[in-house]
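Colleague: Submitted below is the structure of interest, expressed as structure tokens.
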Amino acid sequence: MTLPKALIFDVDGTLADTERDGHRIAFNRAFAAAGHDWDWDEALYGRWLSVTGGKERMHHYLSAYVYRDGTVPPDVAAGIPALHAAKNRYYAELMQGGGIALRPGVERLLREARAAGIRLAIATTTTGENIAALLISTLGPESMAWFEVMASADEVPDKKPSPAVYLYAMERLGLEPADCVAFEDSENGLIAARRAGLRTIVTVNDYTREGEFSDATLVVDHLGEPDLPFAVLGGRVATRVPGSMRRVDVSLLEWLPADD
Ligand code: XBP
Ligand code: MG
């Protein structure tokens, strides 16, 4: 049992509830501004989430739920990139307004890992611009330098569940899967990380609580704070977690079996 050399974080749903409180709201503002009556309410958005990527998600929604025949008229499809760009502008505005907080334990773990000399990276399906908007609004501009590698859709077009973004992050770190631990919130994210050979800690949220995460190392409700212990929900090591461990911290990371 040794300390991992790097932690690789998913962004949306893992660092913060940016799907429900960020992207979803920004999509709706972009739809309304363009004169569309499409409305992604909190519950419905969960259905579209299985499709990763904002443009891909819009296309899926239109083909399956608006036009309902698996196709999107060419003029409507041609408008998707502009709608997506507008969505990202609204997303940046929301972040600048301080509308989103990091999930419990995220800032604590990032700071503890840095203090312990563990390297940090990001592997996400969203863009570098959206990563920056979240990090700067929640942790300040200096936090951008905390992450040695930010692997996003800008560098890696293949979206999760493809492992490509994780493989790219590890290549840039110069590390092997056994040296790293991934943090995810979704089934597609877990599949991507596992295909890349990574041990994965899943922090579920309201959209992903019912997901299939048996291939995760550990499944918890959140990373935990000193006054807010996590609940262990599953994962390969779930039954072996010592009762004294109440949050994901450096000692838990050191305890994780390397061969899981
Ligand atoms: C989550 C996603 C993204 C976001 C929207 O990515 O699937 O598509 O919902 O981002 P992850 P874009 O959890 O891997 O960060 O609109 O920029 O695609
Ligand atoms: Mg996610």
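Each chain in the structure tokens gets a letter, A, B, ..., in the order shown, and its residues are numbered from 1; ligands are numbered from 1 in order too.
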Could you give me, as CSV, a per-residue list for chain A showing, wherever an atom lies at most 6 Å from an atom of ligand 2, the closest pair of atoms and their distance in Å to one decimal, using only C-alpha atoms and all ligand atoms and sorting by chain then residue number from low to high?
Modeller:
residue,atom,partner,partner_atom_place_in_ligand_line,distance
A:Asp10,CA,ligand 2,1 (Mg),5.5
A:Val11,CA,ligand 2,1 (Mg),5.7
A:Asp12,CA,ligand 2,1 (Mg),4.2
A:Gly13,CA,ligand 2,1 (Mg),4.5
A:Thr14,CA,ligand 2,1 (Mg),5.5
A:Glu184,CA,ligand 2,1 (Mg),5.9
A:Asp185,CA,ligand 2,1 (Mg),5.1
A:Ser186,CA,ligand 2,1 (Mg),5.5
Colleague: Give the residues close to ligand 1, within 10 Å, counting only C-alpha atoms and all ligand atoms; write them as number ranges by chain.
Modeller: A: 9-20, 22-24, 26-27, 45, 48-58, 84-85, 87-88, 91, 122-131, 152-154, 159-161, 165, 184-190, 192
Colleague: With only C-alpha atoms as the counted atoms, please give the residues lying no more than 6 Å from region 105-117 of chain A, apart from itself and same-chain residues fewer than 2 positions off, as a list in words.
Modeller: Arg103, Leu223, Gly224 and Glu225 of chain A
Colleague: I need the residues in region 16-79 of chain A that are alpha helix (DSSP H) according to DSSP; give them as a PyMOL selection string.
Modeller: chain A and resi 18+24-33+42-48+54-61+74-78
Colleague: Please identify all polymer residues within 8 Å of Ala196 (chain A), counting only C-alpha atoms, omitting same-chain residues fewer than 5 positions from it, and present them as JSON, numbers by chain.
Modeller: {"A": [163, 164, 166, 167, 177]}
Colleague: Now that the selection is made, can you save its residues with N, CA, C and O atoms as a PDB file, in the first residue's frame?
Modeller:
ATOM      1  N   PRO A 163     -11.679   5.615 -23.286  1.00  0.00           N
ATOM      2  CA  PRO A 163     -10.647   5.882 -22.274  1.00  0.00           C
ATOM      3  C   PRO A 163      -9.643   6.948 -22.723  1.00  0.00           C
ATOM      4  O   PRO A 163      -8.727   7.295 -21.974  1.00  0.00           O
ATOM      5  N   ALA A 164      -9.825   7.482 -23.944  1.00  0.00           N
ATOM      6  CA  ALA A 164      -8.776   8.307 -24.562  1.00  0.00           C
ATOM      7  C   ALA A 164      -8.319   9.476 -23.684  1.00  0.00           C
ATOM      8  O   ALA A 164      -7.120   9.766 -23.599  1.00  0.00           O
ATOM      9  N   TYR A 166      -8.338   9.801 -20.455  1.00  0.00           N
ATOM     10  CA  TYR A 166      -7.518   9.322 -19.323  1.00  0.00           C
ATOM     11  C   TYR A 166      -6.140   8.868 -19.799  1.00  0.00           C
ATOM     12  O   TYR A 166      -5.131   9.116 -19.141  1.00  0.00           O
ATOM     13  N   LEU A 167      -6.112   8.194 -20.929  1.00  0.00           N
ATOM     14  CA  LEU A 167      -4.814   7.736 -21.464  1.00  0.00           C
ATOM     15  C   LEU A 167      -3.937   8.937 -21.796  1.00  0.00           C
ATOM     16  O   LEU A 167      -2.733   8.954 -21.507  1.00  0.00           O
ATOM     17  N   PRO A 177      -1.080   3.512 -15.005  1.00  0.00           N
ATOM     18  CA  PRO A 177      -2.358   3.469 -14.278  1.00  0.00           C
ATOM     19  C   PRO A 177      -2.194   3.136 -12.787  1.00  0.00           C
ATOM     20  O   PRO A 177      -2.884   3.720 -11.946  1.00  0.00           O
TER      21      PRO A 177
END
Colleague: Report, in Å to a single decimal, how far apart CA of Thr138 (chain A) and CA of Val204 (chain A) are.
Modeller: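 So the two atoms, CA of Val204 (chain A) and CA of Thr138 (chain A), lie 20.3 Å apart.
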Colleague: Given the choices A:Ala43, A:Ala132, A:Leu3, A:Arg172, which gets closest to Ala151 (chain A) if the distance is worked out from only C-alpha atoms?
Modeller: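 Distance minimum relative to Ala151 (chain A) lands on A:Arg172.
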Colleague: Which residue is closest to Val149 (chain A)? Choose from A:Met1, A:Ala34, A:Leu135, A:Leu7 and count only C-alpha atoms.
Modeller: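 Using only C-alpha atoms, Val149 (chain A) sits closest to A:Leu7.
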Colleague: Calculate how many Å separate CA of Pro73 (chain A) from CA of Trp38 (chain A), rounding to one decimal.
Modeller: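 So the answer is 15.8 Å.
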